[in-house]
Each structure stands twice: as C-alpha cells, then as structure tokens.
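**Q** Pasting upload-v3.tsv below, which is TSV, C-alpha atoms.
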```
chain	number	residue	atom	x	y	z
A	1	MET	CA	-2.98	25.23	39.76
A	2	GLY	CA	-6.51	24.76	41.05
A	3	TYR	CA	-9.60	23.44	39.39
A	4	LEU	CA	-11.60	25.61	37.00
A	5	THR	CA	-15.37	25.81	37.02
A	6	ASN	CA	-17.00	23.87	34.21
A	7	ASP	CA	-17.84	27.05	32.26
A	8	GLU	CA	-14.29	28.40	32.66
A	9	PHE	CA	-12.96	25.03	31.49
A	10	PHE	CA	-15.06	25.15	28.31
A	11	THR	CA	-13.96	28.72	27.58
A	12	LYS	CA	-10.27	27.89	28.05
A	13	LEU	CA	-10.59	24.63	26.08
A	14	THR	CA	-12.10	26.55	23.15
A	15	GLU	CA	-9.18	28.99	23.35
A	16	LEU	CA	-6.74	26.06	23.41
A	17	PHE	CA	-8.26	24.63	20.22
A	18	ASP	CA	-8.23	28.09	18.62
A	19	GLN	CA	-4.50	28.47	19.38
A	20	ARG	CA	-3.87	25.34	17.31
A	21	LYS	CA	-5.73	26.78	14.32
A	22	GLY	CA	-3.40	27.16	11.34
A	23	LYS	CA	-0.32	25.57	12.95
A	24	ASP	CA	1.58	22.75	11.31
A	25	HIS	CA	2.16	20.53	14.33
A	26	GLY	CA	1.34	20.03	17.98
A	27	SER	CA	-1.00	18.04	20.14
A	28	ILE	CA	-3.86	18.54	22.50
A	29	ILE	CA	-4.25	15.84	25.12
A	30	LEU	CA	-7.63	15.21	26.76
A	31	VAL	CA	-7.82	12.99	29.86
A	32	GLN	CA	-10.66	11.96	32.12
A	33	LYS	CA	-10.59	9.85	35.27
A	34	ARG	CA	-12.60	9.43	38.40
A	35	LEU	CA	-11.76	11.32	41.54
A	36	SER	CA	-11.64	8.69	44.27
A	37	HIS	CA	-9.21	9.93	46.90
A	38	ASP	CA	-11.92	11.06	49.35
A	39	GLN	CA	-13.97	7.86	49.39
A	40	PRO	CA	-13.25	4.79	51.49
A	41	LEU	CA	-13.42	1.59	49.49
A	42	PRO	CA	-14.89	-1.65	50.84
A	43	GLU	CA	-12.57	-4.56	51.50
A	44	ALA	CA	-12.07	-7.21	48.83
A	45	THR	CA	-14.01	-10.42	49.39
A	46	SER	CA	-14.42	-13.60	47.40
A	47	ASP	CA	-17.55	-12.10	45.80
A	48	THR	CA	-15.98	-8.75	44.95
A	49	ILE	CA	-12.37	-9.16	43.87
A	50	PHE	CA	-12.25	-5.55	42.64
A	51	PRO	CA	-14.30	-3.55	45.15
A	52	ASP	CA	-13.40	-0.24	43.48
A	53	LEU	CA	-15.57	-1.20	40.49
A	54	HIS	CA	-18.68	-0.82	42.67
A	55	PRO	CA	-18.18	2.23	44.91
A	56	PRO	CA	-20.74	2.95	47.64
A	57	ARG	CA	-21.77	6.22	45.96
A	58	PRO	CA	-21.08	7.77	42.53
A	59	MET	CA	-17.68	9.43	42.17
A	60	PRO	CA	-16.89	12.78	40.58
A	61	VAL	CA	-14.79	12.88	37.40
A	62	VAL	CA	-11.68	14.98	36.75
A	63	ILE	CA	-11.34	16.24	33.18
A	64	LYS	CA	-7.92	17.50	32.08
A	65	ALA	CA	-6.64	19.15	28.90
A	66	THR	CA	-3.15	20.25	27.92
A	67	ASN	CA	-1.28	21.40	24.83
A	68	ALA	CA	1.49	18.83	25.46
A	69	ARG	CA	4.56	21.04	25.45
A	70	GLY	CA	7.86	19.32	26.22
A	71	LYS	CA	10.51	20.25	28.77
A	72	GLU	CA	12.18	22.80	26.50
A	73	ARG	CA	8.94	24.79	26.11
A	74	ARG	CA	7.42	24.20	29.52
A	75	GLN	CA	6.64	27.92	30.04
A	76	ASP	CA	4.22	27.71	27.07
A	77	LYS	CA	2.37	24.69	28.47
A	78	VAL	CA	-1.32	25.17	29.22
A	79	LYS	CA	-2.94	22.89	31.80
A	80	LEU	CA	-6.69	22.89	32.34
A	81	ARG	CA	-8.68	20.78	34.77
A	82	THR	CA	-12.12	20.69	36.25
A	83	VAL	CA	-14.15	18.42	38.51
A	84	VAL	CA	-17.57	17.25	37.34
A	85	GLU	CA	-20.02	16.01	39.93
A	86	PRO	CA	-21.91	12.77	39.12
A	87	ASP	CA	-25.32	14.44	38.86
A	88	SER	CA	-24.10	16.92	36.21
A	89	LEU	CA	-22.17	14.43	34.06
A	90	PRO	CA	-24.70	14.08	31.20
A	91	ALA	CA	-25.02	17.85	30.69
A	92	PHE	CA	-21.26	18.31	30.98
A	93	PHE	CA	-20.42	15.61	28.42
A	94	GLU	CA	-23.01	17.00	26.01
A	95	LYS	CA	-21.30	20.39	26.03
A	96	TYR	CA	-17.83	18.77	26.12
A	97	ALA	CA	-18.63	16.83	22.95
A	98	GLU	CA	-19.79	20.01	21.21
A	99	VAL	CA	-16.62	21.92	22.16
A	100	CYS	CA	-14.34	19.03	21.13
A	101	LYS	CA	-16.11	18.50	17.80
A	102	ALA	CA	-15.93	22.20	16.99
A	103	GLY	CA	-12.26	22.35	17.99
A	104	MET	CA	-11.23	19.23	16.14
A	105	THR	CA	-12.52	20.52	12.82
A	106	THR	CA	-9.78	23.17	13.00
A	107	LEU	CA	-7.06	20.58	13.63
A	108	LYS	CA	-5.03	19.37	10.68
A	109	PRO	CA	-5.06	15.57	10.21
A	110	ARG	CA	-1.73	13.79	10.19
A	111	ASP	CA	-0.18	13.00	6.82
A	112	ARG	CA	0.28	9.25	6.92
A	113	SER	CA	0.86	8.75	3.20
A	114	LYS	CA	4.66	8.63	3.64
A	115	ARG	CA	4.39	5.85	6.20
A	116	LYS	CA	1.93	3.89	4.03
A	117	GLY	CA	4.20	4.31	0.99
A	118	LYS	CA	7.18	2.89	2.89
A	119	ALA	CA	5.11	-0.06	4.11
A	120	LYS	CA	3.97	-0.86	0.55
A	121	LYS	CA	7.55	-0.74	-0.74
A	122	LYS	CA	8.71	-3.12	1.98
A	123	LYS	CA	5.81	-5.46	1.29
A	124	GLY	CA	6.47	-5.40	-2.45
A	125	ALA	CA	10.19	-6.08	-1.99
A	126	ALA	CA	9.57	-8.95	0.42
A	127	GLY	CA	6.97	-10.61	-1.79
A	128	GLY	CA	9.19	-10.64	-4.94
A	129	PRO	CA	10.44	-13.87	-6.66
```
Could you render the structure from this file as structure tokens?

**A**
Amino acid sequence: MGYLTNDEFFTKLTELFDQRKGKDHGSIILVQKRLSHDQPLPEATSDTIFPDLHPPRPMPVVIKATNARGKERRQDKVKLRTVVEPDSLPAFFEKYAEVCKAGMTTLKPRDRSKRKGKAKKKKGAAGGP
C-alpha cells in the first residue's frame, strides 16, 4: 500500500472514526514517526553522542492510522499512511487535531469501574485486622 495525500488521509481517517460509531469494542491506533531513511546522518563524536537528534535538515513525518484488527480478521484491517513535509507540519497537525477530536467524541470510553471495584476489594481485605 502506498502513501495517501494529506487530504485523502483526513477523509479516510474520518471514515475510520465513523465506522467505530455505535460499536461496543475496538481500537484505532494512531502513530507518527520521522521518515529518515533517505538522509545520511553525521558520525558520532564526543560532542554529539546521538547525532540523529540534530539532523542536517528537517525530516518529513510519517503518520499512520489503523483499526487494529487481529490475525483472524486481517481482511477487515484498514491501514492509512501519509507523509508530511516539514514545511507543512503546523497546518497538517492543526487539521489532524480537529479530525481526531471530532472522531474521538464518537468513541465510547472504557468502563473501568469493574477493575476499580476489584482493586478496592483487595485493598479492603488486605488492610483488615
């Protein structure tokens, strides 16, 4: 699968969030990392132990999103990815934040009350006379 344009990525990401609307379970995984395979890195010296922290020029960023399907439902898995150039990062992240905020309002929060109840019972039993 190739990279999507930024606009295509936002459209598909919105659709991915909309697919989750009204479902009881599932995950959407968002990942971002720099794209550094085309840039030569300077050698490590005593001054710069980690030369990759200060690249010679700004690096593009790869943004990925998936609906996290397991092996048994791999045919239903949706993988999205796009490359964002350094000069368009602020505008991209502004729109990315809007899309994610809008999509996350449709997600159902996890019910953690069962886990908290079990922890309180254990704590109460351990602290008894």

**Q** Write out, as JSON lines, each residue of segment 45-103 of chain A that has an atom at most 8 Å from segment 27-36 of chain A, together with the closest pair of atoms and their distance in Å to one decimal, counting all atoms listed in the file, rows going by chain and rising number.

**A**
```
{"residue": "A:Met59", "atom": "CA", "partner": "A:Leu35", "partner_atom": "CA", "distance": 6.2}
{"residue": "A:Pro60", "atom": "CA", "partner": "A:Leu35", "partner_atom": "CA", "distance": 5.4}
{"residue": "A:Val61", "atom": "CA", "partner": "A:Arg34", "partner_atom": "CA", "distance": 4.2}
{"residue": "A:Val62", "atom": "CA", "partner": "A:Lys33", "partner_atom": "CA", "distance": 5.4}
{"residue": "A:Ile63", "atom": "CA", "partner": "A:Gln32", "partner_atom": "CA", "distance": 4.5}
{"residue": "A:Lys64", "atom": "CA", "partner": "A:Val31", "partner_atom": "CA", "distance": 5.0}
{"residue": "A:Ala65", "atom": "CA", "partner": "A:Leu30", "partner_atom": "CA", "distance": 4.6}
{"residue": "A:Thr66", "atom": "CA", "partner": "A:Ile29", "partner_atom": "CA", "distance": 5.3}
{"residue": "A:Asn67", "atom": "CA", "partner": "A:Ile28", "partner_atom": "CA", "distance": 4.5}
{"residue": "A:Ala68", "atom": "CA", "partner": "A:Ser27", "partner_atom": "CA", "distance": 5.9}
```

**Q** Hey, can you spit out that residue selection with C-alpha atoms as a short mmCIF file (atom, residue, chain, number, x, y, z; two decimals), in the frame of the given file?

**A**
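As a result, out36.cif now contains:
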```cif
data_model
loop_
_atom_site.label_atom_id
_atom_site.label_comp_id
_atom_site.auth_asym_id
_atom_site.auth_seq_id
_atom_site.Cartn_x
_atom_site.Cartn_y
_atom_site.Cartn_z
CA MET A 59 -17.68 9.43 42.17
CA PRO A 60 -16.89 12.78 40.58
CA VAL A 61 -14.79 12.88 37.40
CA VAL A 62 -11.68 14.98 36.75
CA ILE A 63 -11.34 16.24 33.18
CA LYS A 64 -7.92 17.50 32.08
CA ALA A 65 -6.64 19.15 28.90
CA THR A 66 -3.15 20.25 27.92
CA ASN A 67 -1.28 21.40 24.83
CA ALA A 68 1.49 18.83 25.46
#
```

**Q** Using atom CA of Thr82 of chain A and atom CA of Lys12 of chain A as the two end points, give the distance in Å to one decimal.

**A**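 Atom-to-atom, atom CA of Thr82 of chain A to atom CA of Lys12 of chain A, that is 11.1 Å.
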
**Q** Please measure the separation of atom CA of Arg20 of chain A and atom CA of Ala97 of chain A, giving the value in Å to one decimal.

**A**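 These atoms are spaced 17.9 Å apart.
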
**Q** Which residue is closest to Gly2 of chain A? Choose from A:Thr45, A:Val83, A:Glu15, A:Arg73 and count all atoms listed in the file.

**A**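 Distance minimum relative to Gly2 of chain A lands on A:Val83.
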
**Q** Between atom CA of Lys79 of chain A and atom CA of Ala91 of chain A, what is the distance, to one decimal in Å?

**A**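 Pair atom CA of Lys79 of chain A / atom CA of Ala91 of chain A returns 22.7 Å.
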
**Q** When distances are computed from all atoms listed in the file, which of A:Arg57, A:Phe17, A:Lys101, A:Asp111 shows the smallest separation from Pro86 of chain A?

**A**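 Result for the nearest residue to Pro86 of chain A: A:Arg57.
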
**Q** Of the candidates A:Leu89, A:Val84, A:Met104, A:Leu4, which shows the shortest atom-to-atom distance to Gln19 of chain A, using all atoms listed in the file?

**A**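 That would be A:Met104, the residue with the smallest distance to Gln19 of chain A.
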
**Q** Point out the residue among A:Tyr3, A:Lys114, A:Asp76, A:Leu13 with the least atom-to-atom distance to Lys95 of chain A, counting all atoms listed in the file.

**A**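 Of A:Tyr3, A:Lys114, A:Asp76, A:Leu13, the one nearest Lys95 of chain A, counting all atoms listed in the file, is A:Leu13.
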
**Q** Identify, on the basis of only C-alpha atoms, every residue whose closest approach to Val99 of chain A does not exceed 12 Å; exclude the query and any residue fewer than 5 positions from it along the same chain; express the result as a list in words.

**A**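 The filter keeps Asp7, Phe9, Phe10, Thr11, Lys12, Leu13, Thr14, Glu15, Leu16, Phe17, Asp18, Phe92, Phe93, Glu94, Met104, Thr105 and Thr106 of chain A.
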
**Q** Please produce a file of the residues just selected, as a PDB file, in the frame of the given file, where the atoms kept are C-alpha atoms.

**A**
```pdb
ATOM      1  CA  ASP A   7     -17.840  27.050  32.260  1.00  0.00           C
ATOM      2  CA  PHE A   9     -12.960  25.030  31.490  1.00  0.00           C
ATOM      3  CA  PHE A  10     -15.060  25.150  28.310  1.00  0.00           C
ATOM      4  CA  THR A  11     -13.960  28.720  27.580  1.00  0.00           C
ATOM      5  CA  LYS A  12     -10.270  27.890  28.050  1.00  0.00           C
ATOM      6  CA  LEU A  13     -10.590  24.630  26.080  1.00  0.00           C
ATOM      7  CA  THR A  14     -12.100  26.550  23.150  1.00  0.00           C
ATOM      8  CA  GLU A  15      -9.180  28.990  23.350  1.00  0.00           C
ATOM      9  CA  LEU A  16      -6.740  26.060  23.410  1.00  0.00           C
ATOM     10  CA  PHE A  17      -8.260  24.630  20.220  1.00  0.00           C
ATOM     11  CA  ASP A  18      -8.230  28.090  18.620  1.00  0.00           C
ATOM     12  CA  PHE A  92     -21.260  18.310  30.980  1.00  0.00           C
ATOM     13  CA  PHE A  93     -20.420  15.610  28.420  1.00  0.00           C
ATOM     14  CA  GLU A  94     -23.010  17.000  26.010  1.00  0.00           C
ATOM     15  CA  MET A 104     -11.230  19.230  16.140  1.00  0.00           C
ATOM     16  CA  THR A 105     -12.520  20.520  12.820  1.00  0.00           C
ATOM     17  CA  THR A 106      -9.780  23.170  13.000  1.00  0.00           C
TER      18      THR A 106
END
```
